[in-house]
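Next comes model-v1.cif, with mmCIF, N, CA and C atoms.
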```
data_entry
#
loop_
_atom_site.label_atom_id
_atom_site.label_comp_id
_atom_site.auth_asym_id
_atom_site.auth_seq_id
_atom_site.Cartn_x
_atom_site.Cartn_y
_atom_site.Cartn_z
N MET V 1 0.84 -1.19 0.00
CA MET V 1 0.00 0.00 0.00
C MET V 1 0.89 1.25 0.00
N ASN V 2 0.50 2.25 -0.74
CA ASN V 2 1.24 3.50 -0.79
C ASN V 2 1.09 4.25 0.52
N ARG V 3 2.05 5.08 0.81
CA ARG V 3 1.98 5.92 1.99
C ARG V 3 1.22 7.20 1.68
N ILE V 4 0.83 7.88 2.75
CA ILE V 4 0.12 9.16 2.61
C ILE V 4 1.06 10.27 3.01
N ASN V 5 1.10 11.34 2.23
CA ASN V 5 1.90 12.50 2.55
C ASN V 5 1.02 13.45 3.37
N TYR V 6 1.24 13.46 4.68
CA TYR V 6 0.40 14.27 5.57
C TYR V 6 0.65 15.77 5.39
N TRP V 7 1.83 16.14 4.91
CA TRP V 7 2.06 17.55 4.57
C TRP V 7 1.15 17.97 3.43
N ALA V 8 1.00 17.09 2.44
CA ALA V 8 0.12 17.38 1.31
C ALA V 8 -1.34 17.44 1.77
N VAL V 9 -1.71 16.58 2.70
CA VAL V 9 -3.07 16.60 3.25
C VAL V 9 -3.34 17.95 3.91
N GLY V 10 -2.42 18.39 4.77
CA GLY V 10 -2.59 19.68 5.43
C GLY V 10 -2.61 20.83 4.44
N ALA V 11 -1.71 20.78 3.47
CA ALA V 11 -1.66 21.85 2.46
C ALA V 11 -2.95 21.90 1.66
N ALA V 12 -3.46 20.75 1.25
CA ALA V 12 -4.70 20.71 0.47
C ALA V 12 -5.88 21.22 1.29
N ALA V 13 -5.90 20.93 2.58
CA ALA V 13 -6.98 21.42 3.44
C ALA V 13 -6.96 22.94 3.52
N VAL V 14 -5.77 23.51 3.63
CA VAL V 14 -5.65 24.97 3.71
C VAL V 14 -5.95 25.60 2.34
N VAL V 15 -5.43 25.00 1.28
CA VAL V 15 -5.68 25.52 -0.07
C VAL V 15 -7.17 25.56 -0.36
N THR V 16 -7.88 24.50 0.00
CA THR V 16 -9.32 24.48 -0.27
C THR V 16 -10.08 25.47 0.60
N LEU V 17 -9.61 25.70 1.82
CA LEU V 17 -10.25 26.71 2.67
C LEU V 17 -10.09 28.10 2.03
N VAL V 18 -8.90 28.40 1.56
CA VAL V 18 -8.65 29.69 0.92
C VAL V 18 -9.45 29.81 -0.38
N ALA V 19 -9.43 28.75 -1.19
CA ALA V 19 -10.15 28.78 -2.47
C ALA V 19 -11.65 28.97 -2.26
N SER V 20 -12.21 28.26 -1.30
CA SER V 20 -13.64 28.41 -1.02
C SER V 20 -13.95 29.80 -0.49
N SER V 21 -13.05 30.34 0.32
CA SER V 21 -13.26 31.71 0.83
C SER V 21 -13.32 32.71 -0.32
N VAL V 22 -12.41 32.57 -1.27
CA VAL V 22 -12.41 33.46 -2.44
C VAL V 22 -13.68 33.23 -3.26
N TYR V 23 -14.04 31.97 -3.46
CA TYR V 23 -15.24 31.61 -4.23
C TYR V 23 -16.47 32.30 -3.65
N TYR V 24 -16.62 32.20 -2.32
CA TYR V 24 -17.80 32.79 -1.70
C TYR V 24 -17.69 34.31 -1.54
N MET V 25 -16.48 34.85 -1.63
CA MET V 25 -16.36 36.32 -1.69
C MET V 25 -16.90 36.79 -3.04
N VAL V 26 -16.55 36.06 -4.10
CA VAL V 26 -17.00 36.42 -5.45
C VAL V 26 -18.51 36.23 -5.57
N PHE V 27 -19.01 35.10 -5.07
CA PHE V 27 -20.43 34.78 -5.22
C PHE V 27 -21.24 35.02 -3.95
N GLY V 28 -20.68 35.77 -3.01
CA GLY V 28 -21.36 36.01 -1.73
C GLY V 28 -22.68 36.73 -1.89
N GLY V 29 -22.74 37.65 -2.83
CA GLY V 29 -23.99 38.37 -3.05
C GLY V 29 -25.09 37.45 -3.55
N VAL V 30 -24.72 36.53 -4.43
CA VAL V 30 -25.68 35.54 -4.93
C VAL V 30 -26.15 34.65 -3.78
N TRP V 31 -25.19 34.17 -2.99
CA TRP V 31 -25.51 33.32 -1.85
C TRP V 31 -26.46 34.04 -0.90
N ALA V 32 -26.14 35.29 -0.57
CA ALA V 32 -26.96 36.05 0.37
C ALA V 32 -28.37 36.27 -0.15
N SER V 33 -28.49 36.59 -1.44
CA SER V 33 -29.83 36.82 -1.99
C SER V 33 -30.65 35.54 -2.05
N LEU V 34 -30.00 34.42 -2.35
CA LEU V 34 -30.73 33.14 -2.38
C LEU V 34 -31.13 32.69 -0.97
N ARG V 35 -30.33 33.03 0.01
CA ARG V 35 -30.64 32.67 1.40
C ARG V 35 -31.54 33.70 2.06
N GLY V 36 -31.58 34.91 1.50
CA GLY V 36 -32.39 35.96 2.10
C GLY V 36 -31.76 36.55 3.36
N VAL V 37 -30.43 36.53 3.41
CA VAL V 37 -29.72 37.07 4.57
C VAL V 37 -28.64 38.03 4.09
N PRO V 38 -28.23 38.96 4.94
CA PRO V 38 -27.14 39.85 4.53
C PRO V 38 -25.80 39.11 4.57
N THR V 39 -24.88 39.57 3.73
CA THR V 39 -23.54 38.97 3.75
C THR V 39 -22.82 39.43 5.00
N ALA V 40 -22.01 38.55 5.55
CA ALA V 40 -21.23 38.88 6.75
C ALA V 40 -19.96 38.04 6.72
N ALA V 41 -18.94 38.54 7.36
CA ALA V 41 -17.69 37.78 7.46
C ALA V 41 -17.94 36.55 8.32
N PRO V 42 -17.36 35.41 7.94
CA PRO V 42 -17.56 34.21 8.74
C PRO V 42 -16.92 34.34 10.12
N GLN V 43 -17.54 33.73 11.10
CA GLN V 43 -17.00 33.74 12.45
C GLN V 43 -15.79 32.82 12.53
N PRO V 44 -14.82 33.15 13.37
CA PRO V 44 -13.60 32.34 13.47
C PRO V 44 -13.87 30.86 13.77
N TRP V 45 -14.85 30.56 14.62
CA TRP V 45 -15.13 29.16 14.94
C TRP V 45 -15.65 28.41 13.72
N LYS V 46 -16.35 29.11 12.83
CA LYS V 46 -16.83 28.46 11.61
C LYS V 46 -15.68 28.17 10.66
N LEU V 47 -14.72 29.08 10.58
CA LEU V 47 -13.54 28.83 9.75
C LEU V 47 -12.75 27.64 10.30
N ALA V 48 -12.60 27.59 11.62
CA ALA V 48 -11.89 26.45 12.24
C ALA V 48 -12.64 25.15 11.98
N GLY V 49 -13.95 25.19 12.10
CA GLY V 49 -14.77 23.99 11.82
C GLY V 49 -14.65 23.56 10.38
N GLN V 50 -14.63 24.52 9.47
CA GLN V 50 -14.48 24.20 8.05
C GLN V 50 -13.12 23.61 7.76
N LEU V 51 -12.08 24.14 8.39
CA LEU V 51 -10.75 23.58 8.22
C LEU V 51 -10.71 22.13 8.71
N GLY V 52 -11.38 21.86 9.81
CA GLY V 52 -11.48 20.48 10.31
C GLY V 52 -12.19 19.57 9.32
N ARG V 53 -13.29 20.06 8.77
CA ARG V 53 -14.01 19.29 7.75
C ARG V 53 -13.11 19.02 6.56
N ASN V 54 -12.40 20.06 6.12
CA ASN V 54 -11.50 19.91 4.98
C ASN V 54 -10.43 18.86 5.26
N LEU V 55 -9.85 18.89 6.46
CA LEU V 55 -8.82 17.91 6.80
C LEU V 55 -9.35 16.48 6.69
N ILE V 56 -10.56 16.26 7.19
CA ILE V 56 -11.15 14.92 7.12
C ILE V 56 -11.40 14.52 5.67
N GLU V 57 -11.99 15.42 4.89
CA GLU V 57 -12.28 15.11 3.49
C GLU V 57 -11.00 14.83 2.71
N VAL V 58 -9.97 15.64 2.93
CA VAL V 58 -8.71 15.45 2.21
C VAL V 58 -8.04 14.16 2.64
N LEU V 59 -8.08 13.85 3.92
CA LEU V 59 -7.48 12.60 4.40
C LEU V 59 -8.18 11.39 3.80
N VAL V 60 -9.51 11.44 3.73
CA VAL V 60 -10.25 10.33 3.11
C VAL V 60 -9.88 10.20 1.63
N MET V 61 -9.76 11.32 0.93
CA MET V 61 -9.37 11.26 -0.48
C MET V 61 -7.96 10.70 -0.61
N ALA V 62 -7.05 11.07 0.29
CA ALA V 62 -5.69 10.55 0.25
C ALA V 62 -5.68 9.04 0.47
N VAL V 63 -6.51 8.56 1.37
CA VAL V 63 -6.61 7.11 1.60
C VAL V 63 -7.16 6.42 0.36
N LEU V 64 -8.18 6.99 -0.25
CA LEU V 64 -8.73 6.40 -1.48
C LEU V 64 -7.68 6.35 -2.59
N LEU V 65 -6.99 7.46 -2.79
CA LEU V 65 -5.95 7.49 -3.83
C LEU V 65 -4.88 6.43 -3.55
N SER V 66 -4.51 6.28 -2.30
CA SER V 66 -3.49 5.31 -1.93
C SER V 66 -3.98 3.87 -2.11
N ARG V 67 -5.13 3.58 -1.56
CA ARG V 67 -5.64 2.20 -1.61
C ARG V 67 -6.01 1.76 -3.02
N LEU V 68 -6.47 2.71 -3.83
CA LEU V 68 -6.80 2.39 -5.23
C LEU V 68 -5.56 2.45 -6.13
N GLN V 69 -4.44 2.78 -5.53
CA GLN V 69 -3.16 2.87 -6.23
C GLN V 69 -3.23 3.82 -7.44
N ILE V 70 -3.86 4.95 -7.20
CA ILE V 70 -3.94 6.00 -8.23
C ILE V 70 -2.55 6.61 -8.35
N ARG V 71 -2.01 6.60 -9.55
CA ARG V 71 -0.63 7.02 -9.74
C ARG V 71 -0.46 8.30 -10.57
N THR V 72 -1.44 8.65 -11.37
CA THR V 72 -1.29 9.81 -12.24
C THR V 72 -2.31 10.88 -11.88
N ARG V 73 -2.03 12.10 -12.32
CA ARG V 73 -2.99 13.19 -12.09
C ARG V 73 -4.30 12.90 -12.81
N ARG V 74 -4.19 12.35 -13.99
CA ARG V 74 -5.42 12.04 -14.76
C ARG V 74 -6.30 11.05 -14.00
N GLU V 75 -5.71 10.00 -13.46
CA GLU V 75 -6.47 9.04 -12.67
C GLU V 75 -7.05 9.70 -11.41
N ALA V 76 -6.26 10.58 -10.79
CA ALA V 76 -6.72 11.28 -9.58
C ALA V 76 -7.91 12.19 -9.90
N VAL V 77 -7.83 12.90 -11.02
CA VAL V 77 -8.95 13.76 -11.41
C VAL V 77 -10.18 12.91 -11.71
N GLY V 78 -9.99 11.77 -12.35
CA GLY V 78 -11.12 10.87 -12.62
C GLY V 78 -11.80 10.42 -11.33
N LEU V 79 -10.99 10.02 -10.35
CA LEU V 79 -11.57 9.62 -9.06
C LEU V 79 -12.25 10.81 -8.40
N GLY V 80 -11.62 11.98 -8.44
CA GLY V 80 -12.22 13.17 -7.85
C GLY V 80 -13.58 13.50 -8.46
N LEU V 81 -13.67 13.38 -9.79
CA LEU V 81 -14.95 13.65 -10.45
C LEU V 81 -16.02 12.64 -10.04
N LEU V 82 -15.63 11.37 -9.90
CA LEU V 82 -16.58 10.35 -9.46
C LEU V 82 -17.07 10.62 -8.03
N VAL V 83 -16.14 10.95 -7.15
CA VAL V 83 -16.50 11.24 -5.77
C VAL V 83 -17.41 12.47 -5.72
N TRP V 84 -17.05 13.50 -6.48
CA TRP V 84 -17.86 14.71 -6.49
C TRP V 84 -19.28 14.42 -6.98
N LEU V 85 -19.38 13.75 -8.13
CA LEU V 85 -20.70 13.47 -8.70
C LEU V 85 -21.50 12.50 -7.85
N GLY V 86 -20.88 11.40 -7.46
CA GLY V 86 -21.61 10.35 -6.76
C GLY V 86 -21.96 10.67 -5.32
N PHE V 87 -21.16 11.50 -4.68
CA PHE V 87 -21.41 11.78 -3.27
C PHE V 87 -21.79 13.24 -3.03
N GLN V 88 -20.90 14.16 -3.34
CA GLN V 88 -21.16 15.55 -3.00
C GLN V 88 -22.36 16.12 -3.76
N ALA V 89 -22.36 16.01 -5.07
CA ALA V 89 -23.45 16.58 -5.87
C ALA V 89 -24.78 15.91 -5.54
N MET V 90 -24.75 14.60 -5.32
CA MET V 90 -25.99 13.89 -5.04
C MET V 90 -26.51 14.16 -3.64
N MET V 91 -25.61 14.34 -2.68
CA MET V 91 -26.08 14.64 -1.32
C MET V 91 -26.73 16.02 -1.27
N ILE V 92 -26.15 16.97 -1.96
CA ILE V 92 -26.76 18.30 -1.99
C ILE V 92 -28.07 18.26 -2.78
N ALA V 93 -28.14 17.43 -3.82
CA ALA V 93 -29.39 17.28 -4.59
C ALA V 93 -30.52 16.76 -3.71
N GLY V 94 -30.17 15.94 -2.73
CA GLY V 94 -31.19 15.46 -1.79
C GLY V 94 -31.84 16.61 -1.05
N SER V 95 -31.09 17.64 -0.74
CA SER V 95 -31.66 18.81 -0.07
C SER V 95 -32.63 19.54 -0.99
N VAL V 96 -32.33 19.58 -2.28
CA VAL V 96 -33.24 20.21 -3.24
C VAL V 96 -34.53 19.41 -3.32
N LEU V 97 -34.40 18.09 -3.38
CA LEU V 97 -35.58 17.24 -3.53
C LEU V 97 -36.45 17.18 -2.28
N HIS V 98 -35.84 17.14 -1.12
CA HIS V 98 -36.60 16.85 0.09
C HIS V 98 -36.75 18.02 1.06
N GLU V 99 -35.97 19.10 0.87
CA GLU V 99 -36.01 20.19 1.84
C GLU V 99 -36.27 21.55 1.20
N SER V 100 -36.74 21.55 -0.03
CA SER V 100 -37.04 22.80 -0.76
C SER V 100 -35.83 23.73 -0.84
N TYR V 101 -34.67 23.14 -0.95
CA TYR V 101 -33.42 23.89 -1.09
C TYR V 101 -33.42 24.54 -2.47
N PRO V 102 -33.14 25.83 -2.58
CA PRO V 102 -33.17 26.50 -3.89
C PRO V 102 -32.14 25.91 -4.86
N VAL V 103 -32.55 25.72 -6.09
CA VAL V 103 -31.67 25.16 -7.11
C VAL V 103 -30.44 26.06 -7.31
N GLY V 104 -30.62 27.36 -7.20
CA GLY V 104 -29.49 28.27 -7.33
C GLY V 104 -28.42 28.02 -6.27
N LEU V 105 -28.83 27.73 -5.04
CA LEU V 105 -27.87 27.40 -3.99
C LEU V 105 -27.20 26.07 -4.29
N TYR V 106 -27.96 25.14 -4.84
CA TYR V 106 -27.38 23.85 -5.24
C TYR V 106 -26.24 24.08 -6.23
N VAL V 107 -26.52 24.86 -7.25
CA VAL V 107 -25.51 25.14 -8.28
C VAL V 107 -24.29 25.82 -7.66
N LEU V 108 -24.54 26.77 -6.79
CA LEU V 108 -23.45 27.49 -6.13
C LEU V 108 -22.58 26.53 -5.30
N HIS V 109 -23.21 25.71 -4.49
CA HIS V 109 -22.47 24.81 -3.61
C HIS V 109 -21.79 23.66 -4.35
N VAL V 110 -22.43 23.11 -5.37
CA VAL V 110 -21.74 22.03 -6.10
C VAL V 110 -20.60 22.57 -6.94
N GLY V 111 -20.70 23.83 -7.34
CA GLY V 111 -19.56 24.46 -8.03
C GLY V 111 -18.36 24.56 -7.11
N ASP V 112 -18.60 24.97 -5.88
CA ASP V 112 -17.52 25.03 -4.89
C ASP V 112 -16.99 23.63 -4.59
N ALA V 113 -17.87 22.67 -4.44
CA ALA V 113 -17.45 21.30 -4.15
C ALA V 113 -16.61 20.73 -5.29
N LEU V 114 -16.98 21.01 -6.53
CA LEU V 114 -16.20 20.54 -7.67
C LEU V 114 -14.82 21.18 -7.67
N MET V 115 -14.78 22.50 -7.48
CA MET V 115 -13.50 23.21 -7.46
C MET V 115 -12.59 22.64 -6.37
N THR V 116 -13.11 22.49 -5.16
CA THR V 116 -12.26 22.04 -4.07
C THR V 116 -11.85 20.58 -4.23
N THR V 117 -12.73 19.75 -4.75
CA THR V 117 -12.36 18.34 -4.97
C THR V 117 -11.24 18.24 -5.98
N LEU V 118 -11.33 18.99 -7.05
CA LEU V 118 -10.27 18.96 -8.06
C LEU V 118 -8.96 19.51 -7.49
N LEU V 119 -9.03 20.56 -6.69
CA LEU V 119 -7.81 21.06 -6.05
C LEU V 119 -7.19 20.00 -5.14
N VAL V 120 -8.01 19.31 -4.39
CA VAL V 120 -7.51 18.27 -3.48
C VAL V 120 -6.77 17.19 -4.25
N VAL V 121 -7.39 16.64 -5.29
CA VAL V 121 -6.74 15.54 -6.01
C VAL V 121 -5.50 16.02 -6.74
N LEU V 122 -5.51 17.26 -7.19
CA LEU V 122 -4.31 17.78 -7.86
C LEU V 122 -3.16 17.99 -6.88
N VAL V 123 -3.45 18.52 -5.71
CA VAL V 123 -2.41 18.69 -4.68
C VAL V 123 -1.88 17.32 -4.27
N LEU V 124 -2.78 16.40 -3.96
CA LEU V 124 -2.35 15.08 -3.47
C LEU V 124 -1.61 14.29 -4.53
N SER V 125 -2.02 14.38 -5.77
CA SER V 125 -1.36 13.60 -6.82
C SER V 125 -0.06 14.24 -7.28
N THR V 126 0.12 15.52 -7.01
CA THR V 126 1.35 16.21 -7.37
C THR V 126 2.40 16.07 -6.28
N TRP V 127 1.95 16.22 -5.04
CA TRP V 127 2.85 16.19 -3.88
C TRP V 127 2.77 14.81 -3.24
N ARG V 128 3.33 13.86 -3.91
CA ARG V 128 3.26 12.46 -3.50
C ARG V 128 4.33 12.15 -2.44
N PRO V 129 4.06 11.17 -1.59
CA PRO V 129 5.07 10.79 -0.60
C PRO V 129 6.27 10.14 -1.27
N ALA V 130 7.42 10.32 -0.67
CA ALA V 130 8.64 9.67 -1.18
C ALA V 130 8.51 8.16 -0.97
N THR V 131 8.90 7.41 -1.96
CA THR V 131 8.85 5.95 -1.84
C THR V 131 10.20 5.46 -1.36
N SER V 132 10.14 4.43 -0.55
CA SER V 132 11.40 3.90 -0.03
C SER V 132 11.77 2.61 -0.68
#
```
Can you present the structure in this file as structure tokens?
Amino acid sequence: MNRINYWAVGAAAVVTLVASSVYYMVFGGVWASLRGVPTAAPQPWKLAGQLGRNLIEVLVMAVLLSRLQIRTRREAVGLGLLVWLGFQAMMIAGSVLHESYPVGLYVLHVGDALMTTLLVVLVLSTWRPATS
């Protein structure tokens, strides 16, 4: 089994936090209007919680890449797209179907999920652990 580069896991978690922050700065007005709330800076505890979520998601992706012996960026992107479509996009779609979640918010959130998933697999597949 391949090893996991925990530095890459941490880096990918931070990169995705920054990327999502920029994403929602750009689309914050859309998000606020769809939610019917004013835009506001996120509270520090929410950023810390999101970083924790990111760490878990990135670690799980690193385990999948390792156990499936994904060796190339192309294979990593393929797995990332499958995970995004099969899990992230479909779980958010459940909110649209069962909780009257606005379709616009669905599009906004799955766009962020796609961006961050692709960033994760690219970081992890580029910054691979040294083999012994």
So which residues touch Leu34 in chain V within 8 Å, counting all atoms listed in the file, skipping near sequence neighbours fewer than 6 positions away, as a PyMOL selection string? chain V and resi 28+102+104-105
Please save N, CA and C atoms of the selected residues as a tab-separated table (two decimals), in the frame of the given file.
```tsv
chain	number	residue	atom	x	y	z
V	28	GLY	N	-20.68	35.77	-3.01
V	28	GLY	CA	-21.36	36.01	-1.73
V	28	GLY	C	-22.68	36.73	-1.89
V	102	PRO	N	-33.14	25.83	-2.58
V	102	PRO	CA	-33.17	26.50	-3.89
V	102	PRO	C	-32.14	25.91	-4.86
V	104	GLY	N	-30.62	27.36	-7.20
V	104	GLY	CA	-29.49	28.27	-7.33
V	104	GLY	C	-28.42	28.02	-6.27
V	105	LEU	N	-28.83	27.73	-5.04
V	105	LEU	CA	-27.87	27.40	-3.99
V	105	LEU	C	-27.20	26.07	-4.29
```
Let me make sure I understand: among V:Phe87, V:Arg128, V:Ser20, V:Ile70, which one has the smallest atom-to-atom distance to His109 in chain V if we use only C-alpha atoms?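 Of all the options, V:Ser20 lies closest to His109 in chain V.
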Using all atoms listed in the file, which of the listed residues (V:Ala48, V:Val30, V:Val63, V:Leu108) sits closest to Ile4 in chain V? V:Val63
In chain V, what's helix (DSSP H, G or I) per DSSP? Answer as a PyMOL selection string? chain V and resi 6-26+28-35+44-67+73-99+103-126
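Put simply, atom N of Gln88 in chain V is 8.5 Å away from atom N of Leu114 in chain V.
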Write out as an MDAnalysis selection string the residues lying within 8 Å of Leu81 in chain V, counting only N, CA and C atoms and excluding same-chain residues fewer than 4 positions away. chainID V and resid 75:77 85:87 114 117:118
Write out as a list of chain:residue names the residues lying within 7 Å of range 122-127 of chain V, counting only N, CA and C atoms and excluding same-chain residues fewer than 3 positions away.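 Contacts, with the query itself left out: V:Asn5, V:Ala8, V:Val9, V:Ala12, V:Ala62, V:Arg71, V:Thr72, V:Arg73, V:Ala76, V:Val77, V:Thr117, V:Leu118, V:Leu119, V:Ala130.
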Would you compute the distance between CA of Pro44 in chain V and CA of Gly10 in chain V? Give it in Å to one decimal. 18.6 Å
Atom pair CA of Lys46 in chain V / atom N of Leu17 in chain V: separation (Å):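 The value is 12.5 Å.
The set of residues that the PyMOL selection byres ((chain V and resi 55) around 7) takes from this file is Val9, Gly10, Ala12, Ala13, Val14, Gln50, Leu51, Gly52, Arg53, Asn54, Ile56, Glu57, Val58, Leu59 and Val60 of chain V.
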Could you tell me which of V:Leu97, V:Val121, V:Val110, V:Val26 comes closest to Leu79 in chain V if we count only N, CA and C atoms? V:Val121
Kindly indicate which residue among V:Met25, V:Trp7, V:Ala93, V:Arg74 lies nearest to Tyr106 in chain V, using all atoms listed in the file for the distances. V:Ala93
Select, from V:Val37, V:Leu82, V:Met61, V:Val120, the residue with the minimum atom-to-atom distance to Ala11 in chain V, counting only N, CA and C atoms. V:Val120
In terms of all atoms listed in the file, the residue from V:Ser21, V:Ser66, V:Thr16, V:Ser33 at minimal distance from Met115 in chain V is V:Thr16
Reconstructed range 120-129 of chain V, atom set all heavy atoms, as a PDB file, in the coordinates of the input:
```pdb
ATOM      1  N   VAL V 120      -8.010  19.310  -4.390  1.00  0.00           N
ATOM      2  CA  VAL V 120      -7.510  18.270  -3.480  1.00  0.00           C
ATOM      3  C   VAL V 120      -6.770  17.190  -4.250  1.00  0.00           C
ATOM      4  O   VAL V 120      -5.639  16.842  -3.918  1.00  0.00           O
ATOM      5  CB  VAL V 120      -8.663  17.655  -2.654  1.00  0.00           C
ATOM      6  CG1 VAL V 120      -8.234  16.351  -1.984  1.00  0.00           C
ATOM      7  CG2 VAL V 120      -9.156  18.638  -1.614  1.00  0.00           C
ATOM      8  N   VAL V 121      -7.390  16.640  -5.290  1.00  0.00           N
ATOM      9  CA  VAL V 121      -6.740  15.540  -6.010  1.00  0.00           C
ATOM     10  C   VAL V 121      -5.500  16.020  -6.740  1.00  0.00           C
ATOM     11  O   VAL V 121      -4.527  15.269  -6.863  1.00  0.00           O
ATOM     12  CB  VAL V 121      -7.699  14.773  -6.948  1.00  0.00           C
ATOM     13  CG1 VAL V 121      -8.809  14.098  -6.145  1.00  0.00           C
ATOM     14  CG2 VAL V 121      -8.266  15.654  -8.038  1.00  0.00           C
ATOM     15  N   LEU V 122      -5.510  17.260  -7.190  1.00  0.00           N
ATOM     16  CA  LEU V 122      -4.310  17.780  -7.860  1.00  0.00           C
ATOM     17  C   LEU V 122      -3.160  17.990  -6.880  1.00  0.00           C
ATOM     18  O   LEU V 122      -2.019  17.626  -7.167  1.00  0.00           O
ATOM     19  CB  LEU V 122      -4.631  19.072  -8.618  1.00  0.00           C
ATOM     20  CG  LEU V 122      -5.488  18.870  -9.862  1.00  0.00           C
ATOM     21  CD1 LEU V 122      -5.926  20.212 -10.434  1.00  0.00           C
ATOM     22  CD2 LEU V 122      -4.764  18.053 -10.914  1.00  0.00           C
ATOM     23  N   VAL V 123      -3.450  18.520  -5.710  1.00  0.00           N
ATOM     24  CA  VAL V 123      -2.410  18.690  -4.680  1.00  0.00           C
ATOM     25  C   VAL V 123      -1.880  17.320  -4.270  1.00  0.00           C
ATOM     26  O   VAL V 123      -0.665  17.087  -4.221  1.00  0.00           O
ATOM     27  CB  VAL V 123      -2.920  19.484  -3.471  1.00  0.00           C
ATOM     28  CG1 VAL V 123      -1.923  19.402  -2.312  1.00  0.00           C
ATOM     29  CG2 VAL V 123      -3.178  20.931  -3.845  1.00  0.00           C
ATOM     30  N   LEU V 124      -2.780  16.400  -3.960  1.00  0.00           N
ATOM     31  CA  LEU V 124      -2.350  15.080  -3.470  1.00  0.00           C
ATOM     32  C   LEU V 124      -1.610  14.290  -4.530  1.00  0.00           C
ATOM     33  O   LEU V 124      -0.647  13.573  -4.201  1.00  0.00           O
ATOM     34  CB  LEU V 124      -3.567  14.285  -2.968  1.00  0.00           C
ATOM     35  CG  LEU V 124      -4.257  14.822  -1.726  1.00  0.00           C
ATOM     36  CD1 LEU V 124      -5.495  13.985  -1.410  1.00  0.00           C
ATOM     37  CD2 LEU V 124      -3.319  14.879  -0.529  1.00  0.00           C
ATOM     38  N   SER V 125      -2.020  14.380  -5.770  1.00  0.00           N
ATOM     39  CA  SER V 125      -1.360  13.600  -6.820  1.00  0.00           C
ATOM     40  C   SER V 125      -0.060  14.240  -7.280  1.00  0.00           C
ATOM     41  O   SER V 125       0.796  13.568  -7.862  1.00  0.00           O
ATOM     42  CB  SER V 125      -2.291  13.370  -8.017  1.00  0.00           C
ATOM     43  OG  SER V 125      -2.627  14.590  -8.639  1.00  0.00           O
ATOM     44  N   THR V 126       0.120  15.520  -7.010  1.00  0.00           N
ATOM     45  CA  THR V 126       1.350  16.210  -7.370  1.00  0.00           C
ATOM     46  C   THR V 126       2.400  16.070  -6.280  1.00  0.00           C
ATOM     47  O   THR V 126       3.561  15.829  -6.525  1.00  0.00           O
ATOM     48  CB  THR V 126       1.071  17.707  -7.651  1.00  0.00           C
ATOM     49  OG1 THR V 126       0.159  17.794  -8.738  1.00  0.00           O
ATOM     50  CG2 THR V 126       2.351  18.442  -8.005  1.00  0.00           C
ATOM     51  N   TRP V 127       1.950  16.220  -5.040  1.00  0.00           N
ATOM     52  CA  TRP V 127       2.850  16.190  -3.880  1.00  0.00           C
ATOM     53  C   TRP V 127       2.770  14.810  -3.240  1.00  0.00           C
ATOM     54  O   TRP V 127       2.188  14.628  -2.194  1.00  0.00           O
ATOM     55  CB  TRP V 127       2.452  17.278  -2.912  1.00  0.00           C
ATOM     56  CG  TRP V 127       3.457  17.587  -1.861  1.00  0.00           C
ATOM     57  CD1 TRP V 127       4.689  17.044  -1.689  1.00  0.00           C
ATOM     58  CD2 TRP V 127       3.295  18.530  -0.800  1.00  0.00           C
ATOM     59  NE1 TRP V 127       5.294  17.584  -0.590  1.00  0.00           N
ATOM     60  CE2 TRP V 127       4.470  18.514  -0.031  1.00  0.00           C
ATOM     61  CE3 TRP V 127       2.270  19.393  -0.433  1.00  0.00           C
ATOM     62  CZ2 TRP V 127       4.647  19.311   1.088  1.00  0.00           C
ATOM     63  CZ3 TRP V 127       2.448  20.186   0.683  1.00  0.00           C
ATOM     64  CH2 TRP V 127       3.620  20.155   1.423  1.00  0.00           C
ATOM     65  N   ARG V 128       3.330  13.860  -3.910  1.00  0.00           N
ATOM     66  CA  ARG V 128       3.260  12.460  -3.500  1.00  0.00           C
ATOM     67  C   ARG V 128       4.330  12.150  -2.440  1.00  0.00           C
ATOM     68  O   ARG V 128       5.378  12.761  -2.425  1.00  0.00           O
ATOM     69  CB  ARG V 128       3.451  11.551  -4.701  1.00  0.00           C
ATOM     70  CG  ARG V 128       2.405  11.838  -5.793  1.00  0.00           C
ATOM     71  CD  ARG V 128       2.588  10.982  -6.999  1.00  0.00           C
ATOM     72  NE  ARG V 128       2.523   9.565  -6.765  1.00  0.00           N
ATOM     73  CZ  ARG V 128       1.411   8.877  -6.516  1.00  0.00           C
ATOM     74  NH1 ARG V 128       0.270   9.493  -6.491  1.00  0.00           N
ATOM     75  NH2 ARG V 128       1.444   7.595  -6.323  1.00  0.00           N
ATOM     76  N   PRO V 129       4.060  11.170  -1.590  1.00  0.00           N
ATOM     77  CA  PRO V 129       5.070  10.790  -0.600  1.00  0.00           C
ATOM     78  C   PRO V 129       6.270  10.140  -1.270  1.00  0.00           C
ATOM     79  O   PRO V 129       6.141   9.509  -2.321  1.00  0.00           O
ATOM     80  CB  PRO V 129       4.339   9.799   0.306  1.00  0.00           C
ATOM     81  CG  PRO V 129       3.236   9.261  -0.530  1.00  0.00           C
ATOM     82  CD  PRO V 129       2.849  10.357  -1.491  1.00  0.00           C
TER      83      PRO V 129
END
```
